[in-house]
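J.: Structure: protein13.tsv, TSV, C-alpha atoms.
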chain	number	residue	atom	x	y	z
N	1	MET	CA	0.00	0.00	0.00
N	2	ASP	CA	1.42	3.39	-0.98
N	3	ALA	CA	1.59	6.44	1.28
N	4	ASP	CA	-1.27	8.26	-0.47
N	5	ALA	CA	-3.72	5.44	0.12
N	6	LEU	CA	-2.49	5.05	3.71
N	7	ILE	CA	-3.03	8.75	4.48
N	8	GLY	CA	-6.42	8.76	2.77
N	9	LEU	CA	-7.63	5.72	4.73
N	10	ILE	CA	-6.45	7.14	8.07
N	11	ILE	CA	-8.13	10.50	7.41
N	12	ALA	CA	-11.31	8.75	6.28
N	13	THR	CA	-11.35	6.70	9.49
N	14	ALA	CA	-10.83	9.84	11.56
N	15	LEU	CA	-13.63	11.59	9.66
N	16	ALA	CA	-16.02	8.68	10.29
N	17	ASN	CA	-15.12	8.75	13.99
N	18	ARG	CA	-15.67	12.51	14.16
N	19	LEU	CA	-19.12	12.08	12.62
N	20	LEU	CA	-20.08	9.37	15.10
N	21	ILE	CA	-18.57	10.86	18.27
N	22	ALA	CA	-20.40	14.18	18.51
N	23	PRO	CA	-23.16	16.07	16.68
N	24	LEU	CA	-22.16	18.54	13.97
N	25	THR	CA	-22.89	21.64	15.98
N	26	PRO	CA	-20.49	24.44	16.98
N	27	SER	CA	-21.11	23.71	20.66
N	28	ALA	CA	-19.92	20.11	20.23
N	29	THR	CA	-16.33	21.27	19.71
N	30	ALA	CA	-16.33	24.45	21.76
N	31	SER	CA	-15.27	23.21	25.18
N	32	PRO	CA	-11.99	21.86	26.62
N	33	GLN	CA	-13.96	18.81	27.77
N	34	ALA	CA	-14.77	18.03	24.14
N	35	LEU	CA	-11.07	18.29	23.21
N	36	ARG	CA	-10.24	15.95	26.08
N	37	ALA	CA	-12.90	13.46	24.97
N	38	PHE	CA	-11.59	13.47	21.39
N	39	ALA	CA	-7.99	13.07	22.57
N	40	LEU	CA	-8.95	10.18	24.85
N	41	HIS	CA	-10.82	8.47	22.02
N	42	GLY	CA	-7.79	8.80	19.77
N	43	VAL	CA	-5.45	7.42	22.43
N	44	LEU	CA	-7.76	4.46	23.12
N	45	VAL	CA	-7.97	3.62	19.41
N	46	ALA	CA	-4.19	3.85	19.17
N	47	LEU	CA	-3.79	1.62	22.23
N	48	VAL	CA	-6.14	-1.07	20.91
N	49	THR	CA	-4.52	-0.88	17.46
N	50	THR	CA	-1.02	-1.31	18.90
N	51	LEU	CA	-1.94	-4.17	21.20
N	52	ALA	CA	-3.94	-5.92	18.49
N	53	GLY	CA	-1.06	-5.45	16.05
N	54	ALA	CA	1.35	-7.11	18.49
N	55	ALA	CA	-1.10	-9.93	19.23
N	56	GLU	CA	-1.75	-10.45	15.53
N	57	TRP	CA	1.97	-10.79	14.76
N	58	SER	CA	2.43	-13.29	17.59
N	59	LEU	CA	-0.55	-15.39	16.54
N	60	GLN	CA	0.46	-15.25	12.91
N	61	ALA	CA	3.97	-16.37	13.80
N	62	PHE	CA	2.49	-19.28	15.75
N	63	LEU	CA	0.02	-20.31	13.04
N	64	HIS	CA	2.29	-19.84	10.03
N	65	PRO	CA	4.21	-23.15	10.35
N	66	LEU	CA	0.90	-24.97	10.68
N	67	ALA	CA	-0.37	-23.47	7.40
N	68	LEU	CA	-3.71	-22.75	9.01
N	69	LEU	CA	-3.99	-19.12	8.07
N	70	HIS	CA	-4.73	-17.81	4.61
N	71	SER	CA	-6.30	-14.42	5.30
N	72	THR	CA	-5.00	-11.68	7.56
N	73	GLY	CA	-8.46	-10.13	7.81
N	74	PHE	CA	-9.85	-13.36	9.19
N	75	LEU	CA	-7.40	-13.06	12.08
N	76	VAL	CA	-7.55	-9.29	12.58
N	77	LEU	CA	-11.31	-8.99	13.02
N	78	PRO	CA	-11.88	-11.24	16.08
N	79	LEU	CA	-8.46	-10.50	17.55
N	80	THR	CA	-9.00	-6.73	17.57
N	81	ALA	CA	-12.47	-7.14	19.02
N	82	ALA	CA	-11.05	-9.33	21.79
N	83	VAL	CA	-8.25	-6.87	22.52
N	84	ALA	CA	-10.76	-3.99	22.64
N	85	ALA	CA	-12.93	-5.96	25.07
N	86	LEU	CA	-9.92	-6.74	27.29
N	87	CYS	CA	-8.85	-3.09	27.25
N	88	ALA	CA	-12.39	-2.04	28.16
N	89	VAL	CA	-12.47	-4.42	31.13
N	90	ALA	CA	-9.00	-3.48	32.38
N	91	LEU	CA	-9.43	0.28	32.02
N	92	THR	CA	-12.92	0.23	33.56
N	93	ARG	CA	-11.47	-1.55	36.59
N	94	TRP	CA	-8.87	1.20	36.85
N	95	ARG	CA	-11.30	4.10	36.35
N	96	ALA	CA	-15.02	3.36	36.20
N	97	PRO	CA	-15.88	6.22	33.76
N	98	PHE	CA	-13.95	4.36	31.03
N	99	ALA	CA	-17.08	2.22	30.72
N	100	GLN	CA	-18.73	5.18	28.99
N	101	SER	CA	-16.12	5.26	26.20
N	102	ARG	CA	-17.41	4.26	22.77
N	103	TRP	CA	-15.77	0.83	22.75
N	104	TRP	CA	-17.71	-0.42	19.74
N	105	LEU	CA	-16.40	2.49	17.68
N	106	ILE	CA	-12.89	2.03	19.10
N	107	ALA	CA	-12.97	-1.65	18.11
N	108	CYS	CA	-14.24	-0.91	14.60
N	109	SER	CA	-11.66	1.82	14.05
N	110	ALA	CA	-8.86	-0.40	15.38
N	111	VAL	CA	-9.88	-3.18	12.97
N	112	VAL	CA	-9.63	-0.79	10.02
N	113	LEU	CA	-6.31	0.64	11.21
N	114	ASN	CA	-4.89	-2.82	11.84
N	115	LEU	CA	-5.82	-3.94	8.35
N	116	ILE	CA	-4.11	-0.82	6.99
N	117	SER	CA	-1.07	-1.47	9.16
N	118	ALA	CA	-0.90	-5.14	8.18
N	119	ALA	CA	-1.20	-4.28	4.49
N	120	ALA	CA	1.48	-1.60	4.79
N	121	ALA	CA	4.14	-3.93	6.18
N	122	GLU	CA	3.88	-7.57	5.24
N	123	SER	CA	6.40	-10.08	6.61
N	124	ALA	CA	7.78	-7.60	9.15
N	125	THR	CA	9.62	-8.35	12.37
N	126	PHE	CA	7.84	-8.00	15.70
N	127	ALA	CA	9.44	-4.63	16.43
N	128	THR	CA	8.54	-3.30	12.99
N	129	GLN	CA	4.98	-4.56	13.30
N	130	LEU	CA	4.70	-2.94	16.73
N	131	TRP	CA	6.02	0.38	15.47
N	132	ASN	CA	3.78	0.23	12.42
N	133	ALA	CA	0.67	-0.42	14.50
N	134	PHE	CA	1.64	2.32	16.95
N	135	ALA	CA	2.41	4.79	14.17
N	136	THR	CA	-0.92	4.04	12.47
N	137	GLY	CA	-2.82	4.54	15.74
N	138	ALA	CA	-0.90	7.71	16.56
N	139	ALA	CA	-1.53	9.07	13.05
N	140	PHE	CA	-5.23	8.37	13.52
N	141	ALA	CA	-5.26	10.20	16.88
N	142	ALA	CA	-3.40	13.13	15.33
N	143	CYS	CA	-5.85	13.29	12.41
N	144	LEU	CA	-8.81	13.22	14.79
N	145	LEU	CA	-7.34	16.06	16.85
N	146	LEU	CA	-6.44	18.06	13.74
N	147	LEU	CA	-10.00	17.67	12.45
N	148	PHE	CA	-11.27	18.78	15.86
N	149	GLY	CA	-8.94	21.78	15.85
N	150	LEU	CA	-9.94	22.83	12.33
N	151	GLU	CA	-13.59	22.45	13.16
N	152	SER	CA	-13.43	24.33	16.47
N	153	ARG	CA	-11.72	27.23	14.69
N	154	LEU	CA	-13.85	27.32	11.55
N	155	GLN	CA	-17.29	26.15	12.67
N	156	PRO	CA	-18.21	28.99	15.04
N	157	ARG	CA	-17.49	31.67	12.42
N	158	ASP	CA	-20.30	33.23	10.48
N	159	LEU	CA	-20.44	30.55	7.79
N	160	PRO	CA	-22.98	30.65	4.95
N	161	ALA	CA	-25.88	28.35	5.75
N	162	PRO	CA	-25.11	25.75	3.03
N	163	PHE	CA	-21.64	25.20	4.48
N	164	ARG	CA	-22.63	24.63	8.08
N	165	GLY	CA	-22.34	21.16	9.60
N	166	LEU	CA	-21.21	18.32	7.35
N	167	PRO	CA	-20.00	20.39	4.34
N	168	VAL	CA	-17.46	22.34	6.36
N	169	LEU	CA	-16.32	19.10	8.03
N	170	LEU	CA	-15.74	17.54	4.61
N	171	LEU	CA	-13.87	20.65	3.52
N	172	ASN	CA	-11.73	20.40	6.65
N	173	ALA	CA	-10.99	16.75	5.90
N	174	GLY	CA	-10.03	17.72	2.35
N	175	LEU	CA	-7.71	20.43	3.64
N	176	LEU	CA	-6.13	17.97	6.05
N	177	ALA	CA	-5.66	15.38	3.31
N	178	LEU	CA	-4.09	18.01	1.07
N	179	ALA	CA	-1.70	19.08	3.82
N	180	CYS	CA	-0.72	15.48	4.63
N	181	HIS	CA	-0.17	14.61	0.98
N	182	GLY	CA	1.93	17.73	0.55
N	183	LEU	CA	4.01	16.78	3.57
N	184	ALA	CA	4.37	13.20	2.34
N	185	GLY	CA	5.49	14.52	-1.04
N	186	MET	CA	8.09	16.73	0.61
N	187	VAL	CA	9.37	13.91	2.80
N	188	GLY	CA	9.29	11.38	-0.03
V	1	MET	CA	14.77	-9.05	20.49
V	2	VAL	CA	16.32	-6.02	22.19
V	3	SER	CA	14.79	-3.66	19.66
V	4	ALA	CA	11.36	-5.26	20.18
V	5	LEU	CA	11.65	-4.88	23.96
V	6	LEU	CA	12.83	-1.31	23.56
V	7	ALA	CA	9.92	-0.52	21.24
V	8	ALA	CA	7.44	-2.10	23.64
V	9	CYS	CA	8.83	-0.11	26.57
V	10	VAL	CA	8.74	3.20	24.70
V	11	ILE	CA	5.20	2.59	23.44
V	12	ALA	CA	4.02	1.50	26.90
V	13	ALA	CA	5.50	4.66	28.43
V	14	VAL	CA	3.76	6.82	25.82
V	15	PHE	CA	0.39	5.20	26.44
V	16	ALA	CA	0.80	5.27	30.23
V	17	THR	CA	1.55	8.98	30.14
V	18	ALA	CA	-1.30	9.74	27.75
V	19	LEU	CA	-3.86	7.69	29.68
V	20	ARG	CA	-2.77	9.12	33.03
V	21	ARG	CA	-3.29	12.63	31.70
V	22	LEU	CA	-6.53	11.97	29.86
V	23	ALA	CA	-8.26	9.35	32.05
V	24	PRO	CA	-11.65	10.54	33.26
V	25	VAL	CA	-11.74	11.16	36.99
V	26	PRO	CA	-14.64	9.39	38.73
V	27	GLU	CA	-17.09	11.77	40.32
V	28	THR	CA	-17.12	11.45	44.07
V	29	ALA	CA	-20.41	11.99	45.82
V	30	PRO	CA	-20.37	14.69	48.50
V	31	PRO	CA	-20.24	13.21	52.01
V	32	ILE	CA	-23.63	12.86	53.69
V	33	PRO	CA	-23.83	15.06	56.82
V	34	LEU	CA	-23.98	13.22	60.16
V	35	VAL	CA	-27.44	14.66	60.90
V	36	GLU	CA	-28.81	13.13	57.70
V	37	ARG	CA	-27.31	9.75	58.51
V	38	ILE	CA	-28.72	9.79	62.02
V	39	ASP	CA	-32.12	10.96	60.73
V	40	ALA	CA	-32.14	8.08	58.25
V	41	LEU	CA	-31.83	5.60	61.15
V	42	LEU	CA	-34.72	7.09	63.14
V	43	PRO	CA	-38.19	5.60	62.54
V	44	GLN	CA	-39.72	8.93	61.39
V	45	THR	CA	-42.87	8.46	63.45
V	46	GLN	CA	-42.51	12.10	64.60
V	47	CYS	CA	-44.05	11.01	67.91
V	48	GLY	CA	-42.10	13.41	70.13
V	49	GLN	CA	-41.45	10.83	72.86
V	50	CYS	CA	-37.82	11.91	72.83
V	51	ASN	CA	-38.96	15.37	74.02
V	52	PHE	CA	-38.04	16.88	70.67
V	53	ALA	CA	-40.47	18.21	68.06
V	54	GLY	CA	-39.76	15.33	65.67
V	55	CYS	CA	-37.17	12.90	64.42
V	56	ARG	CA	-35.12	15.54	62.61
V	57	PRO	CA	-34.64	17.80	65.68
V	58	TYR	CA	-33.75	14.70	67.72
V	59	ALA	CA	-31.18	13.73	65.07
V	60	GLN	CA	-29.74	17.24	65.23
V	61	ALA	CA	-29.50	17.00	69.04
V	62	ILE	CA	-27.74	13.62	68.82
V	63	ALA	CA	-25.30	15.03	66.27
V	64	ASP	CA	-24.64	18.03	68.52
V	65	GLY	CA	-24.09	15.72	71.49
V	66	SER	CA	-26.90	17.28	73.52
V	67	ALA	CA	-29.16	14.18	73.50
V	68	ASP	CA	-28.53	10.51	74.17
V	69	ILE	CA	-29.26	7.79	71.63
V	70	ASN	CA	-31.69	5.84	73.85
V	71	ARG	CA	-34.70	8.15	73.72
V	72	CYS	CA	-36.58	6.61	70.81
V	73	PRO	CA	-39.11	3.93	71.81
V	74	PRO	CA	-40.49	3.36	68.26
V	75	GLY	CA	-36.97	2.61	67.03
V	76	GLY	CA	-36.50	0.00	69.77
V	77	ASP	CA	-33.25	-1.74	70.62
V	78	ALA	CA	-32.44	-2.24	66.94
V	79	GLY	CA	-32.60	1.50	66.35
V	80	ILE	CA	-30.37	2.21	69.34
V	81	ALA	CA	-27.88	-0.40	68.15
V	82	ALA	CA	-27.81	1.16	64.68
V	83	LEU	CA	-27.25	4.64	66.13
V	84	ALA	CA	-24.49	3.33	68.41
V	85	ASN	CA	-22.85	1.62	65.46
V	86	LEU	CA	-22.99	4.81	63.40
V	87	LEU	CA	-21.55	6.97	66.17
V	88	GLY	CA	-19.00	4.39	67.29
V	89	ILE	CA	-20.25	4.21	70.87
V	90	ALA	CA	-21.62	1.41	73.02
V	91	PRO	CA	-25.38	0.73	72.77
V	92	LYS	CA	-27.53	1.61	75.79
V	93	PRO	CA	-30.86	0.25	76.97
V	94	LEU	CA	-33.93	2.30	76.11
V	95	ASP	CA	-34.53	5.09	78.62
V	96	PRO	CA	-37.87	4.17	80.29
V	97	ALA	CA	-38.54	7.86	80.99
V	98	HIS	CA	-39.31	8.25	77.27
V	99	GLY	CA	-41.66	5.27	76.96
V	100	ARG	CA	-41.26	1.67	75.99
V	101	HIS	CA	-41.05	-0.11	72.71
V	102	ALA	CA	-44.38	-1.41	71.39
V	103	PRO	CA	-45.67	-2.78	68.08
V	104	ARG	CA	-46.69	-0.16	65.56
V	105	THR	CA	-50.27	1.11	65.86
V	106	VAL	CA	-52.70	3.07	63.72
V	107	ALA	CA	-55.21	5.61	65.08
V	108	LEU	CA	-58.92	5.12	64.48
V	109	ILE	CA	-61.62	7.80	64.98
V	110	ASP	CA	-65.02	6.69	66.24
V	111	GLU	CA	-67.04	8.63	63.71
V	112	ALA	CA	-70.26	8.41	65.72
V	113	VAL	CA	-68.64	10.23	68.65
V	114	CYS	CA	-66.43	12.78	66.80
V	115	ILE	CA	-67.67	16.36	67.15
V	116	GLY	CA	-65.35	17.87	64.53
V	117	CYS	CA	-63.31	20.07	66.86
V	118	THR	CA	-60.10	19.86	64.69
V	119	LYS	CA	-57.86	19.64	67.77
V	120	CYS	CA	-56.42	16.33	66.64
V	121	ILE	CA	-55.75	17.74	63.17
V	122	GLN	CA	-53.69	20.54	64.67
V	123	VAL	CA	-51.37	18.22	66.61
V	124	CYS	CA	-50.91	15.52	63.97
V	125	PRO	CA	-47.25	15.81	62.86
V	126	VAL	CA	-47.76	14.07	59.53
V	127	ASP	CA	-51.13	15.47	58.37
V	128	ALA	CA	-52.79	12.09	58.59
V	129	ILE	CA	-56.17	13.35	59.77
V	130	LEU	CA	-58.74	14.61	57.31
V	131	GLY	CA	-61.57	16.93	58.41
V	132	ALA	CA	-62.89	20.44	58.93
V	133	PRO	CA	-64.63	22.35	61.78
V	134	GLN	CA	-67.96	20.76	62.73
V	135	VAL	CA	-67.36	18.02	60.19
V	136	MET	CA	-66.55	14.44	61.04
V	137	HIS	CA	-62.79	13.65	60.97
V	138	SER	CA	-61.17	10.60	59.55
V	139	ILE	CA	-57.71	9.04	59.77
V	140	LEU	CA	-55.68	8.39	56.64
V	141	SER	CA	-54.32	5.06	57.81
V	142	ASP	CA	-51.67	5.00	55.07
V	143	GLU	CA	-50.19	8.21	56.49
V	144	CYS	CA	-50.66	7.54	60.22
V	145	THR	CA	-47.45	6.67	62.07
V	146	GLY	CA	-49.27	5.67	65.27
V	147	CYS	CA	-47.52	8.30	67.36
V	148	GLY	CA	-50.55	8.80	69.62
V	149	LEU	CA	-50.22	12.59	69.79
V	150	CYS	CA	-53.86	12.97	68.75
V	151	LEU	CA	-55.20	11.08	71.79
V	152	ALA	CA	-54.64	13.68	74.49
V	153	PRO	CA	-56.23	16.74	72.79
V	154	CYS	CA	-59.45	14.90	71.88
V	155	PRO	CA	-62.20	16.25	74.19
V	156	VAL	CA	-64.56	13.30	73.61
V	157	ASP	CA	-62.03	10.46	73.60
V	158	CYS	CA	-63.12	9.23	70.20
V	159	ILE	CA	-59.65	8.18	69.04
V	160	THR	CA	-58.18	4.76	69.77
V	161	LEU	CA	-54.91	3.17	68.77
V	162	LEU	CA	-55.25	-0.20	67.07
V	163	PRO	CA	-52.41	-2.55	66.17
V	164	ALA	CA	-51.26	-2.08	62.59
V	165	GLU	CA	-52.64	-4.95	60.54
V	166	SER	CA	-49.43	-5.65	58.72
V	167	PRO	CA	-45.85	-4.95	59.77
V	168	ILE	CA	-45.29	-3.81	56.20
V	169	ALA	CA	-48.10	-1.31	56.02
V	170	ALA	CA	-48.50	1.44	53.45
V	171	TRP	CA	-46.80	3.85	55.85
V	172	ARG	CA	-43.15	4.44	55.04
V	173	PRO	CA	-40.61	6.39	57.09
V	174	GLU	CA	-39.55	8.57	54.15
V	175	GLN	CA	-43.19	9.44	53.47
V	176	SER	CA	-43.92	10.73	56.98
V	177	SER	CA	-40.55	12.47	57.03
V	178	ARG	CA	-41.49	14.32	53.83
V	179	VAL	CA	-44.93	15.31	55.14
V	180	TYR	CA	-43.40	16.40	58.44
V	181	ALA	CA	-40.80	18.53	56.67
V	182	ALA	CA	-43.26	20.14	54.22
V	183	PRO	CA	-44.37	23.04	56.48
V	184	VAL	CA	-40.74	23.81	57.27
V	185	VAL	CA	-39.91	23.93	53.57
V	186	ARG	CA	-42.95	26.08	52.81
V	187	SER	CA	-42.11	28.60	55.52
V	188	ALA	CA	-38.44	28.82	54.50
Please render this file's structure as structure tokens.

T.:
Amino acid sequence: MDADALIGLIIATALANRLLIAPLTPSATASPQALRAFALHGVLVALVTTLAGAAEWSLQAFLHPLALLHSTGFLVLPLTAAVAALCAVALTRWRAPFAQSRWWLIACSAVVLNLISAAAAESATFATQLWNAFATGAAFAACLLLLFGLESRLQPRDLPAPFRGLPVLLLNAGLLALACHGLAGMVG
Amino acid sequence: MVSALLAACVIAAVFATALRRLAPVPETAPPIPLVERIDALLPQTQCGQCNFAGCRPYAQAIADGSADINRCPPGGDAGIAALANLLGIAPKPLDPAHGRHAPRTVALIDEAVCIGCTKCIQVCPVDAILGAPQVMHSILSDECTGCGLCLAPCPVDCITLLPAESPIAAWRPEQSSRVYAAPVVRSA
């Protein structure tokens, strides 16, 4: 998978999460509590993605000599869901309000990010796989926060009525994608 | 192997820091004042046998240390034990100067004898008597706590105390407490 597709998929995942986390109103992104909630969601997705990536590599390494596995997706889906459930249980025991996190959305996002991560680096070592999964999760969290930042700065302004809500969010995502592609082009 | 361990340590440190900063703090309920906790243990009959105007003033006196815990006959030995446990002191036998423990009763007005003087209505602490001047009075047995305060003012002795038919009657401590507190709330 090339860098353009990788960036596009991560931004699309962040956009879907933004749409599902909070309503498209200016007040939804106006408070520091909202920023904290978005940041926590991003960190939890990154955590589940990283742990699931490590677990996937270990299980794949175990199953490979047995020739039992033919599809990475077949392994990623239940494994990520299980890791998300374990994280939910462990973190809720630590702090009870973690039970209110959107674990279903975290699990779904982590599945997508893990598939991206697995496709980006096939036949990698454990350390590489771990870094890849972590980098994918961190990139997702950064995209989510950048979308939040763009929205909180642009949404409250006196926008024309047709641009309010979803259109300006899509424009923000487009701007973000453009910036990331530009950066990738410079780095590349 | 070393690089994998190093990667795992760095990633774990990043997540630990992020989660520690972003983890939602559980809301702690404000501590319940001692008066409220004592009041919750009293039977809420509002009978005045403790020489206070009701259960709440008696609870206040216990909390202030100006009254002993063994002045409540309706609460019985179980009530005294619960108060002693709450305050961390040794239980005492019920003070006979304030009456003796007896099964719960309900007042009954002999309607043929009642002259409608309203004196019983005026002393009832929980508004359990229905009536008007020169009109026959009647007891709302669901509201009556069986305190017996209506017996003495009755000029024709038409009120008797009968044993409550069921130990789990319609009367509830919180109900009489609410009715007893209503005039105080209205006047505040």

J.: Define the interface residues of chain N facing chain V as those within 7 Å, counting all atoms listed in the file, and report them as a PyMOL selection string.

T.: chain N and resi 36+40+47+95-98+126-127

J.: Residues of the last selection are to be written out with C-alpha atoms, as a PDB file, in the coordinates of the input.

T.:
ATOM      1  CA  ARG N  36     -10.240  15.950  26.080  1.00  0.00           C
ATOM      2  CA  LEU N  40      -8.950  10.180  24.850  1.00  0.00           C
ATOM      3  CA  LEU N  47      -3.790   1.620  22.230  1.00  0.00           C
ATOM      4  CA  ARG N  95     -11.300   4.100  36.350  1.00  0.00           C
ATOM      5  CA  ALA N  96     -15.020   3.360  36.200  1.00  0.00           C
ATOM      6  CA  PRO N  97     -15.880   6.220  33.760  1.00  0.00           C
ATOM      7  CA  PHE N  98     -13.950   4.360  31.030  1.00  0.00           C
ATOM      8  CA  PHE N 126       7.840  -8.000  15.700  1.00  0.00           C
ATOM      9  CA  ALA N 127       9.440  -4.630  16.430  1.00  0.00           C
TER      10      ALA N 127
END

J.: So, counting only C-alpha atoms, which residue among N:Val43, N:Ala37, N:Leu66, N:Ala99 is closest to Thr136 of chain N?

T.: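 Looking only at the distances to Thr136 of chain N, the closest residue turns out to be N:Val43.
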
J.: As a PyMOL selection string, please: the residues near Cys144 of chain V (cut-off 10 Å, only C-alpha atoms, same-chain neighbours under 2 positions excluded).

T.: chain V and resi 45+105-108+124-129+139-142+146-148+164+170-172+176

J.: How far is it from atom CA of Cys158 of chain V to atom CA of Gly116 of chain V, in Å with one decimal?

T.: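 Computed distance, atom CA of Cys158 of chain V to atom CA of Gly116 of chain V, equals 10.6 Å.
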
J.: How far is it from atom CA of Ser58 of chain N to atom CA of Ile106 of chain N, in Å with one decimal?

T.: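 About the pair atom CA of Ser58 of chain N and atom CA of Ile106 of chain N: they are 21.7 Å apart.
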
J.: Which residues come within 12 Å of Gln60 of chain V, counting only C-alpha atoms, excluding same-chain residues fewer than 3 positions away, as a PyMOL selection string?

T.: chain V and resi 33-40+42+52-57+63-69

J.: Box in all listed atoms of segment 8-13 of chain V, axis-aligned, with 3 Å more on each side; write out centre and edge lengths in Å to one decimal as AutoDock Vina command-line options.

T.:
--center_x 6.4 --center_y 1.3 --center_z 25.9 --size_x 10.8 --size_y 12.8 --size_z 11.0

J.: Please measure the separation of atom CA of Tyr180 of chain V and atom CA of Ala29 of chain V, giving the value in Å to one decimal.

T.: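 If I compute the distance from atom CA of Tyr180 of chain V to atom CA of Ala29 of chain V, I get 26.6 Å.
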
J.: When you count all atoms listed in the file, which of these residues is closest to Val10 of chain V: N:Leu130, N:Ala39, N:Ala14, N:Leu113?

T.: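 Ranked by minimum distance to Val10 of chain V, first place goes to N:Leu130.
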
J.: With distances taken over all atoms listed in the file, which of V:Thr145, V:Ala152, V:Ala61, V:Cys114 is nearest to Ala132 of chain V?

T.: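 Among the listed residues, the smallest separation from Ala132 of chain V belongs to V:Cys114.
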
J.: For Asp77 of chain V, list every protein, DNA or RNA residue within 10 Å, evaluated using only C-alpha atoms, and leave out those in the same chain fewer than 5 positions away; present the list as a VMD selection string.

T.: chain V and resid 70 72 82 to 83 91 to 94 101

J.: Those same residues - C-alpha atoms - I'd like them written as a CSV table (one decimal), in the frame of the given file.

T.:
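Contents of out20.csv, as written:
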chain,number,residue,atom,x,y,z
V,70,ASN,CA,-31.7,5.8,73.8
V,72,CYS,CA,-36.6,6.6,70.8
V,82,ALA,CA,-27.8,1.2,64.7
V,83,LEU,CA,-27.2,4.6,66.1
V,91,PRO,CA,-25.4,0.7,72.8
V,92,LYS,CA,-27.5,1.6,75.8
V,93,PRO,CA,-30.9,0.2,77.0
V,94,LEU,CA,-33.9,2.3,76.1
V,101,HIS,CA,-41.0,-0.1,72.7
